[in-house]
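Enquirer: I am attaching a structure below and will ask some questions about it afterwards.
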Amino acid sequence: MENRLKDYRENAGWSQGELARRLGVSRQTINAVETDKYDPSLPLALRMAKLFSCNVPDLFIDHWEAEEN
Amino acid sequence: MTKMSAADDARKTRKLAIQLLTGGVFGGVAGFAGMSLIDPSELAGDQIILAGVGLIYLLMGLLVGIGIASPRLGSKVLNLQDAEEIIEQRRILTGSTISMIALGAALMVLSFAKTGSAVPPTVGLGGIFAALLLFVVISVRDWKYYDEMLLQLSRDAGNLAFCGIGTILLVWGSAAATGFASAPTPLELVSLVAGGFLLAIFVATARAGLMMPR
């Protein structure tokens with residue numbers, strides 16, 4: 001899933017390692033999320049949003065649109 | 001393309017070349033050493049296949065072990081960003097190294113363990129039991145250090161291995177039962193399971209993008 005994690009992380013001035021440490025995951029996980037290879041669980045996505053003081057949809061972009069009835 | 005991303009791409013390409021070269025040299029030397037110690041003409045096909053699978057486990061374990069012992073060197077040959085990341089992941093990597101070396105060695109010993117051969121069957125079976133026990137103990141101990149992506153990778157690899165090995169066994173067994181193929185030998189079954197798990201781990205890791213040079 002397309003995301004803006006790298007932008008938020010770089011704006012905060014953190015390395016992947018620093019963000020990984022704050023979230024309690026590995027650097028590989030941060031790298032995989034940033035390169036759209038891994039979609040984090042809902043709890044991890046919520047923790048990311050909380051850390052950057054934003055909403056989950058600001059971080060993760062879903063292009064799905066509901067069909068109109 | 002910016003200068004920075006071009007430099008980063010060049011660094012990744014260099015790293016990939018070093019990794020491929022190291023793997024090739026390591027595998028080549030080990031294969032050559034194995035061939036010079038053992039006469040392949042004395043071995044059956046299924047013994048050679050299982051010994052090969054065991055050798056791959058053993059070499060991978062040794063390569064990661066060298067990386068843990070020397071994180072600076074490890075950051076060049078393993079697909080981790082830098083030496084610090086190896087230190088961060090040391091606990092999990094150490095467990096994997098021990099498990100892979102033990103399982104690789106046990107598979108190689110089993111490939112030579114046949115009645116009347118230099119390795120008694122009890123040693124072959126005992127080695128497999130010991131390696132599996134070690135693997136279970138290490139996995140249970142390290143499970144709490146796995147983060148969510150690693151747990152997901154483990155589940156994906158398990159699913160892939162189950163479906164892949166199961167499908168091959170179903171087809172092979174059916175073909176053997178109807179006389180279209182010869183039935184798998186016990187060593188072929190062990191090779192299929194051990195090799196299938198290894199392949200599944202590679203596929204799951206590649207799908208998560210972890211094979212891309214970093």
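Starting from 1 in every chain, residues are counted up; chains themselves are A, B, ... following the order of the structure tokens, and ligands are numbered from 1 as listed.
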Hey, which bits of chain A sit within 9 Å of chain B, and for each residue what's the closest pair of atoms and how far apart in Å (one decimal), counting only C-alpha atoms, rows by chain and increasing number, as a tab-separated table?
Expert:
residue	atom	partner	partner_atom	distance
A:Gly17	CA	B:Glu85	CA	8.1
A:Gly24	CA	B:Asp147	CA	7.8
A:Val25	CA	B:Asp147	CA	5.4
A:Ser26	CA	B:Asp147	CA	6.7
A:Arg27	CA	B:Glu85	CA	7.4
A:Gln28	CA	B:Leu210	CA	7.6
A:Thr29	CA	B:Met149	CA	6.0
A:Asn31	CA	B:Leu210	CA	8.9
A:Ala32	CA	B:Gly209	CA	6.6
A:Thr35	CA	B:Gly209	CA	8.1
A:Asp36	CA	B:Gly209	CA	8.8
A:Lys37	CA	B:Ala208	CA	5.2
A:Tyr38	CA	B:Ala208	CA	6.2
A:Asp39	CA	B:Met149	CA	8.9
A:Pro40	CA	B:Met149	CA	7.7
A:Ser41	CA	B:Glu148	CA	7.8
A:Leu44	CA	B:Glu148	CA	8.8
Enquirer: Pick out the residues sitting within 10 Å of B:Gly67, and hand them over as a ChimeraX atom specification; count only C-alpha atoms, and ignore anything fewer than 5 positions along from it in its own chain.
Expert: /B:61-62,72-78,83,86-87,90,93-94
Enquirer: Go through B:Ala118, B:Ile98, B:Ala6, B:Ile165 one by one, measure the shortest atom-to-atom distance of each to B:Leu133 using only C-alpha atoms, and give the residue with the smallest value.
Expert: B:Ile98
Enquirer: If you run DSSP on the backbone, which residues of chain A are strand (DSSP E or B), as a PDB file with C-alpha atoms, in the first residue's frame?
Expert:
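For reference, selection.pdb as written:
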ATOM      1  CA  GLU A   2       1.245   3.434  -0.935  1.00  0.00           C
ATOM      2  CA  ASN A   3       2.394   5.376   2.095  1.00  0.00           C
ATOM      3  CA  PHE A  60      -1.302   5.241   4.252  1.00  0.00           C
ATOM      4  CA  ILE A  61      -3.055   6.064   1.010  1.00  0.00           C
TER       5      ILE A  61
END
Enquirer: Please provide the set of residues having any atom within 10 Å of B:Leu59, restricted to only C-alpha atoms, with same-chain residues fewer than 4 positions apart removed, written as a VMD selection string.
Expert: chain B and resid 23 26 to 27 30 54 to 55 63 to 65 97 100 to 101 104 to 105
Enquirer: Would you export the selected residues with N, CA and C atoms as a compact mmCIF listing (two decimals), in the first residue's frame, please?
Expert:
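Here's the written file selection-v5.txt:
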# COMPACT_ATOMS: atom_id res chain seq x y z
N GLY B 23 29.01 -15.71 -2.14
CA GLY B 23 28.21 -16.93 -2.17
C GLY B 23 28.78 -17.94 -3.15
N PHE B 26 32.21 -19.26 -1.80
CA PHE B 26 31.93 -20.12 -0.65
C PHE B 26 31.39 -21.48 -1.11
N GLY B 27 30.38 -21.43 -1.97
CA GLY B 27 29.76 -22.66 -2.47
C GLY B 27 30.72 -23.48 -3.31
N ALA B 30 33.42 -25.09 -1.05
CA ALA B 30 32.83 -26.18 -0.26
C ALA B 30 32.50 -27.38 -1.15
N GLY B 54 21.90 -30.30 2.54
CA GLY B 54 22.55 -30.10 3.84
C GLY B 54 23.69 -29.10 3.73
N LEU B 55 24.44 -29.19 2.64
CA LEU B 55 25.58 -28.28 2.44
C LEU B 55 25.10 -26.83 2.30
N LEU B 63 27.99 -18.57 6.80
CA LEU B 63 28.11 -17.20 6.26
C LEU B 63 27.50 -16.18 7.24
N VAL B 64 26.32 -16.51 7.77
CA VAL B 64 25.68 -15.61 8.74
C VAL B 64 26.52 -15.57 10.02
N GLY B 65 27.07 -16.72 10.40
CA GLY B 65 27.92 -16.79 11.60
C GLY B 65 29.13 -15.89 11.48
N THR B 97 21.66 -19.05 12.90
CA THR B 97 22.95 -19.64 12.52
C THR B 97 23.14 -21.02 13.14
N MET B 100 20.71 -23.54 11.57
CA MET B 100 21.04 -23.91 10.18
C MET B 100 22.28 -24.80 10.12
N ILE B 101 23.28 -24.47 10.93
CA ILE B 101 24.50 -25.29 10.93
C ILE B 101 24.17 -26.70 11.43
N GLY B 104 21.98 -28.49 8.82
CA GLY B 104 22.80 -28.80 7.64
C GLY B 104 23.72 -29.98 7.90
N ALA B 105 24.40 -29.94 9.05
CA ALA B 105 25.32 -31.03 9.39
C ALA B 105 24.55 -32.34 9.54
Enquirer: Write out as an NGL selection string which residues come within 8 Å of stretch 40-47 of chain B when counting only C-alpha atoms, dropping same-chain ones fewer than 6 positions away.
Expert: :B and (111-112 or 185 or 187-188)
Enquirer: Could the residues in this selection be saved with C-alpha atoms as a compact mmCIF listing (two decimals), in the first residue's frame?
Expert:
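Final file, out-v8.txt:
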# COMPACT_ATOMS: atom_id res chain seq x y z
CA SER B 111 22.83 -38.74 3.64
CA PHE B 112 25.75 -41.04 4.43
CA THR B 185 12.99 -42.98 -1.61
CA LEU B 187 16.17 -39.75 1.42
CA GLU B 188 14.29 -38.06 -1.45
Enquirer: For B:Gly173, work out the shell of residues within 9 Å, counting only C-alpha atoms and skipping chain neighbours fewer than 5 positions away, then give it as a PDB file with C-alpha atoms, in the first residue's frame.
Expert:
ATOM      1  CA  ILE B 168       4.574 -32.300  -5.112  1.00  0.00           C
ATOM      2  CA  THR B 178      -0.215 -45.653 -11.067  1.00  0.00           C
ATOM      3  CA  ALA B 181       6.979 -42.704 -11.818  1.00  0.00           C
ATOM      4  CA  SER B 182       9.116 -44.490  -9.286  1.00  0.00           C
ATOM      5  CA  ALA B 183       8.116 -43.987  -5.649  1.00  0.00           C
ATOM      6  CA  PRO B 184      10.194 -41.476  -3.685  1.00  0.00           C
TER       7      PRO B 184
END
Enquirer: Please determine, counting only C-alpha atoms, which residue among A:Lys6, A:Val33, A:Arg21, A:Met1 has the shortest atom-to-atom distance to A:Pro57.
Expert: A:Met1
Enquirer: Give me, as a PyMOL selection string, all polymer residues having an atom no more than 9 Å from stretch 194-203 of chain B, counting only C-alpha atoms and skipping those fewer than 5 positions away in the same chain.
Expert: chain B and resi 50+53-54+57+107+153-154+156-162+164-165+189+208+211
Enquirer: Mind the document's chain letters and residue numbers, and return as a ChimeraX atom specification the residues of chain A that DSSP labels helix (DSSP H, G or I).
Expert: /A:5-12,16-23,27-34,42-51,56-59
Enquirer: Would you output that residue set with N, CA and C atoms, as an mmCIF file, in the first residue's frame?
Expert:
data_model
loop_
_atom_site.group_PDB
_atom_site.id
_atom_site.type_symbol
_atom_site.label_atom_id
_atom_site.label_comp_id
_atom_site.auth_asym_id
_atom_site.auth_seq_id
_atom_site.Cartn_x
_atom_site.Cartn_y
_atom_site.Cartn_z
ATOM 1 N N LEU A 5 5.297 7.236 4.872
ATOM 2 C CA LEU A 5 6.070 7.058 6.107
ATOM 3 C C LEU A 5 7.456 7.703 5.998
ATOM 4 N N LYS A 6 8.096 7.520 4.832
ATOM 5 C CA LYS A 6 9.453 8.053 4.662
ATOM 6 C C LYS A 6 9.454 9.593 4.794
ATOM 7 N N ASP A 7 8.432 10.234 4.191
ATOM 8 C CA ASP A 7 8.347 11.697 4.287
ATOM 9 C C ASP A 7 8.209 12.139 5.748
ATOM 10 N N TYR A 8 7.287 11.471 6.462
ATOM 11 C CA TYR A 8 7.068 11.838 7.867
ATOM 12 C C TYR A 8 8.339 11.586 8.688
ATOM 13 N N ARG A 9 8.989 10.459 8.410
ATOM 14 C CA ARG A 9 10.212 10.129 9.174
ATOM 15 C C ARG A 9 11.310 11.144 8.906
ATOM 16 N N GLU A 10 11.502 11.475 7.637
ATOM 17 C CA GLU A 10 12.563 12.435 7.303
ATOM 18 C C GLU A 10 12.245 13.838 7.837
ATOM 19 N N ASN A 11 10.950 14.200 7.827
ATOM 20 C CA ASN A 11 10.573 15.496 8.410
ATOM 21 C C ASN A 11 10.878 15.548 9.900
ATOM 22 N N ALA A 12 10.755 14.390 10.541
ATOM 23 C CA ALA A 12 11.049 14.322 11.980
ATOM 24 C C ALA A 12 12.568 14.267 12.234
ATOM 25 N N GLN A 16 15.944 5.370 9.813
ATOM 26 C CA GLN A 16 15.062 4.184 9.890
ATOM 27 C C GLN A 16 15.274 3.466 11.219
ATOM 28 N N GLY A 17 16.532 3.434 11.658
ATOM 29 C CA GLY A 17 16.862 2.756 12.922
ATOM 30 C C GLY A 17 16.197 3.430 14.112
ATOM 31 N N GLU A 18 16.196 4.770 14.098
ATOM 32 C CA GLU A 18 15.594 5.520 15.202
ATOM 33 C C GLU A 18 14.082 5.277 15.251
ATOM 34 N N LEU A 19 13.435 5.313 14.074
ATOM 35 C CA LEU A 19 11.986 5.067 14.024
ATOM 36 C C LEU A 19 11.680 3.625 14.470
ATOM 37 N N ALA A 20 12.508 2.690 14.009
ATOM 38 C CA ALA A 20 12.302 1.284 14.388
ATOM 39 C C ALA A 20 12.384 1.129 15.903
ATOM 40 N N ARG A 21 13.376 1.800 16.503
ATOM 41 C CA ARG A 21 13.560 1.708 17.958
ATOM 42 C C ARG A 21 12.335 2.273 18.680
ATOM 43 N N ARG A 22 11.839 3.412 18.207
ATOM 44 C CA ARG A 22 10.677 4.038 18.858
ATOM 45 C C ARG A 22 9.415 3.188 18.731
ATOM 46 N N LEU A 23 9.312 2.449 17.626
ATOM 47 C CA LEU A 23 8.106 1.634 17.402
ATOM 48 C C LEU A 23 8.262 0.196 17.910
ATOM 49 N N ARG A 27 14.581 -2.616 11.823
ATOM 50 C CA ARG A 27 14.821 -1.661 10.738
ATOM 51 C C ARG A 27 14.325 -2.229 9.404
ATOM 52 N N GLN A 28 14.432 -3.555 9.275
ATOM 53 C CA GLN A 28 13.962 -4.207 8.045
ATOM 54 C C GLN A 28 12.471 -3.957 7.851
ATOM 55 N N THR A 29 11.727 -3.963 8.946
ATOM 56 C CA THR A 29 10.277 -3.736 8.858
ATOM 57 C C THR A 29 9.989 -2.319 8.373
ATOM 58 N N ILE A 30 10.705 -1.344 8.921
ATOM 59 C CA ILE A 30 10.512 0.048 8.488
ATOM 60 C C ILE A 30 10.855 0.180 7.004
ATOM 61 N N ASN A 31 11.977 -0.438 6.620
ATOM 62 C CA ASN A 31 12.402 -0.378 5.217
ATOM 63 C C ASN A 31 11.356 -1.020 4.305
ATOM 64 N N ALA A 32 10.816 -2.158 4.734
ATOM 65 C CA ALA A 32 9.818 -2.864 3.916
ATOM 66 C C ALA A 32 8.529 -2.058 3.794
ATOM 67 N N VAL A 33 8.140 -1.368 4.879
ATOM 68 C CA VAL A 33 6.923 -0.537 4.808
ATOM 69 C C VAL A 33 7.168 0.643 3.874
ATOM 70 N N GLU A 34 8.323 1.289 4.034
ATOM 71 C CA GLU A 34 8.613 2.480 3.209
ATOM 72 C C GLU A 34 8.706 2.150 1.717
ATOM 73 N N LEU A 42 -2.760 -3.215 11.860
ATOM 74 C CA LEU A 42 -3.498 -2.030 12.309
ATOM 75 C C LEU A 42 -2.877 -1.438 13.583
ATOM 76 N N PRO A 43 -2.514 -2.261 14.587
ATOM 77 C CA PRO A 43 -1.894 -1.671 15.789
ATOM 78 C C PRO A 43 -0.608 -0.899 15.462
ATOM 79 N N LEU A 44 0.221 -1.438 14.554
ATOM 80 C CA LEU A 44 1.470 -0.741 14.216
ATOM 81 C C LEU A 44 1.175 0.542 13.436
ATOM 82 N N ALA A 45 0.201 0.488 12.519
ATOM 83 C CA ALA A 45 -0.172 1.691 11.767
ATOM 84 C C ALA A 45 -0.685 2.772 12.715
ATOM 85 N N LEU A 46 -1.459 2.372 13.727
ATOM 86 C CA LEU A 46 -1.978 3.338 14.709
ATOM 87 C C LEU A 46 -0.839 3.942 15.534
ATOM 88 N N ARG A 47 0.134 3.091 15.880
ATOM 89 C CA ARG A 47 1.284 3.604 16.651
ATOM 90 C C ARG A 47 2.095 4.596 15.814
ATOM 91 N N MET A 48 2.231 4.300 14.516
ATOM 92 C CA MET A 48 2.968 5.212 13.625
ATOM 93 C C MET A 48 2.249 6.565 13.571
ATOM 94 N N ALA A 49 0.935 6.509 13.381
ATOM 95 C CA ALA A 49 0.153 7.750 13.295
ATOM 96 C C ALA A 49 0.268 8.543 14.596
ATOM 97 N N LYS A 50 0.211 7.834 15.714
ATOM 98 C CA LYS A 50 0.311 8.502 17.020
ATOM 99 C C LYS A 50 1.672 9.177 17.177
ATOM 100 N N LEU A 51 2.702 8.467 16.716
ATOM 101 C CA LEU A 51 4.070 8.986 16.834
ATOM 102 C C LEU A 51 4.253 10.266 16.025
ATOM 103 N N VAL A 56 -4.134 7.826 10.463
ATOM 104 C CA VAL A 56 -3.648 6.710 9.642
ATOM 105 C C VAL A 56 -3.811 7.001 8.140
ATOM 106 N N PRO A 57 -4.967 7.559 7.698
ATOM 107 C CA PRO A 57 -5.099 7.841 6.255
ATOM 108 C C PRO A 57 -4.120 8.911 5.742
ATOM 109 N N ASP A 58 -3.528 9.706 6.649
ATOM 110 C CA ASP A 58 -2.495 10.656 6.202
ATOM 111 C C ASP A 58 -1.209 9.904 5.859
ATOM 112 N N LEU A 59 -0.996 8.796 6.551
ATOM 113 C CA LEU A 59 0.233 8.008 6.352
ATOM 114 C C LEU A 59 0.073 6.980 5.237
#
